[in-house]
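Below is one structure, written out as structure tokens; comments come after it.
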Amino acid sequence: MTLRGPVPAKDFWSFMVYDGQHRSMLETDQKLAGLDSLNPSVKPNADGSYTMWFGPQAPKGREGNWIQTMPGKSRNVLIRRYGPLEPFFDKTWKPSDFELVR
């Protein structure tokens, strides 16, 4: 998933992954159920956008922007913008859809 830059959030943005069955944060070996723009490991792309990766294994070179998921486990992903700005409200900004990458 890619967040076109600049992300319209005055304070910060975050992704959280929840277990689809239990509705609690997804438990993985990574020990994280999400990432946010305040995390120093999260890096923007050259154009200022952010590509976030979700899957059982981190893509090589993308570990800082990766959230682990578990095969066979359903999940829900929630994006939050803290201090959302006008482009969010007037719908001139939106995240990309999830794209399957093999």
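Going by the structure tokens order, chains are called A, B, ..., each with residues numbered from 1, while ligands are numbered from 1 in the order shown.
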Hey, what's within 12 Å of Tyr82 (chain A) if we count only C-alpha atoms and toss same-chain stuff fewer than 6 positions away? As a PDB file with N, CA and C atoms, in the first residue's frame, please?
ATOM      1  N   VAL A   7       1.352  13.110   3.325  1.00  0.00           N
ATOM      2  CA  VAL A   7       0.192  12.514   3.995  1.00  0.00           C
ATOM      3  C   VAL A   7      -0.477  13.617   4.811  1.00  0.00           C
ATOM      4  N   PRO A   8      -1.787  13.834   4.610  1.00  0.00           N
ATOM      5  CA  PRO A   8      -2.471  14.931   5.287  1.00  0.00           C
ATOM      6  C   PRO A   8      -2.768  14.653   6.764  1.00  0.00           C
ATOM      7  N   ALA A   9      -1.713  14.715   7.568  1.00  0.00           N
ATOM      8  CA  ALA A   9      -1.851  14.516   9.008  1.00  0.00           C
ATOM      9  C   ALA A   9      -0.934  15.517   9.702  1.00  0.00           C
ATOM     10  N   LYS A  10      -1.511  16.385  10.489  1.00  0.00           N
ATOM     11  CA  LYS A  10      -0.725  17.406  11.190  1.00  0.00           C
ATOM     12  C   LYS A  10       0.242  16.785  12.185  1.00  0.00           C
ATOM     13  N   ASP A  11      -0.191  15.747  12.885  1.00  0.00           N
ATOM     14  CA  ASP A  11       0.625  15.154  13.938  1.00  0.00           C
ATOM     15  C   ASP A  11       1.397  13.925  13.443  1.00  0.00           C
ATOM     16  N   PHE A  12       0.690  12.871  13.078  1.00  0.00           N
ATOM     17  CA  PHE A  12       1.326  11.678  12.528  1.00  0.00           C
ATOM     18  C   PHE A  12       0.255  10.755  11.978  1.00  0.00           C
ATOM     19  N   TRP A  13       0.676   9.709  11.276  1.00  0.00           N
ATOM     20  CA  TRP A  13      -0.235   8.680  10.775  1.00  0.00           C
ATOM     21  C   TRP A  13       0.257   7.320  11.254  1.00  0.00           C
ATOM     22  N   SER A  14      -0.655   6.340  11.262  1.00  0.00           N
ATOM     23  CA  SER A  14      -0.274   5.000  11.702  1.00  0.00           C
ATOM     24  C   SER A  14      -1.094   3.935  11.000  1.00  0.00           C
ATOM     25  N   PHE A  15      -0.516   2.732  10.946  1.00  0.00           N
ATOM     26  CA  PHE A  15      -1.202   1.526  10.500  1.00  0.00           C
ATOM     27  C   PHE A  15      -1.236   0.566  11.679  1.00  0.00           C
ATOM     28  N   ASP A  36       4.090   3.547  12.584  1.00  0.00           N
ATOM     29  CA  ASP A  36       3.608   4.908  12.393  1.00  0.00           C
ATOM     30  C   ASP A  36       4.728   5.808  11.895  1.00  0.00           C
ATOM     31  N   SER A  37       4.349   6.990  11.473  1.00  0.00           N
ATOM     32  CA  SER A  37       5.301   7.919  10.870  1.00  0.00           C
ATOM     33  C   SER A  37       6.287   8.492  11.881  1.00  0.00           C
ATOM     34  N   LEU A  38       6.082   8.265  13.155  1.00  0.00           N
ATOM     35  CA  LEU A  38       7.037   8.710  14.171  1.00  0.00           C
ATOM     36  C   LEU A  38       8.148   7.690  14.395  1.00  0.00           C
ATOM     37  N   PHE A  88      -7.721  15.303   3.316  1.00  0.00           N
ATOM     38  CA  PHE A  88      -8.431  14.101   3.749  1.00  0.00           C
ATOM     39  C   PHE A  88      -9.934  14.353   3.735  1.00  0.00           C
TER      40      PHE A  88
END
Report as a PDB file with N, CA, C and O atoms, in the first residue's frame all protein, DNA and RNA residues lying within 8 Å of Gly48 (chain A), evaluated on only C-alpha atoms, omitting residues in the same chain fewer than 6 positions from it.
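Saved file result-v2.pdb follows:
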ATOM      1  N   ARG A   4       0.405   8.451  -0.778  1.00  0.00           N
ATOM      2  CA  ARG A   4       0.940   9.551  -1.576  1.00  0.00           C
ATOM      3  C   ARG A   4       1.347  10.686  -0.634  1.00  0.00           C
ATOM      4  O   ARG A   4       0.633  10.997   0.315  1.00  0.00           O
ATOM      5  N   GLY A   5       2.499  11.280  -0.889  1.00  0.00           N
ATOM      6  CA  GLY A   5       2.978  12.375  -0.046  1.00  0.00           C
ATOM      7  C   GLY A   5       2.535  13.722  -0.557  1.00  0.00           C
ATOM      8  O   GLY A   5       2.253  13.870  -1.735  1.00  0.00           O
ATOM      9  N   PRO A   6       2.415  14.681   0.307  1.00  0.00           N
ATOM     10  CA  PRO A   6       2.499  14.530   1.753  1.00  0.00           C
ATOM     11  C   PRO A   6       1.209  13.933   2.319  1.00  0.00           C
ATOM     12  O   PRO A   6       0.121  14.219   1.842  1.00  0.00           O
TER      13      PRO A   6
END
For region 25-65 of chain A against region 16-20 of chain A, with a cut-off of 12 Å and counting only C-alpha atoms, what is the closest atom pair and its distance in Å to one decimal for every residue that makes the cut, ordered by chain and number, as a tab-separated table?
residue	atom	partner	partner_atom	distance
A:Met25	CA	A:Tyr18	CA	4.2
A:Leu26	CA	A:Asp19	CA	4.7
A:Glu27	CA	A:Asp19	CA	7.8
A:Thr28	CA	A:Asp19	CA	10.4
A:Lys31	CA	A:Val17	CA	11.8
A:Leu32	CA	A:Met16	CA	8.9
A:Ala33	CA	A:Val17	CA	5.3
A:Gly34	CA	A:Met16	CA	4.2
A:Leu35	CA	A:Met16	CA	6.8
A:Asp36	CA	A:Met16	CA	8.6
A:Met52	CA	A:Met16	CA	11.5
A:Trp53	CA	A:Val17	CA	11.8
A:Phe54	CA	A:Val17	CA	9.2
A:Gly55	CA	A:Val17	CA	11.1
Report the residues of chain A whose backbone DSSP state falls under strand (DSSP E), written as a count of residues only. 34
What are the DSSP helix (DSSP H, G or I) residues of chain A, as a list in words? Glu63, Gly64, Asn65, Glu86, Pro87, Phe88 and Phe89 of chain A
What separates CA of Arg80 (chain A) and CA of Ala46 (chain A) is a distance of 22.8 Å
For a test of reading the model, state the distance in Å between CA of Thr2 (chain A) and CA of Ser49 (chain A), rounded to one decimal. 6.8 Å
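Nearest-residue note for Asp29 (chain A): choosing from A:Asn45, A:Ser74, A:Thr51, A:Gln68, the minimum distance belongs to A:Gln68, counting only C-alpha atoms.
Among the candidates A:Leu100, A:Thr69, A:Lys94, A:Arg62, the one nearest to Arg81 (chain A) when counting only C-alpha atoms is A:Lys94.
CA of Met1 (chain A) to CA of Asp97 (chain A) spans 6.1 Å [interatomic distance, one decimal].
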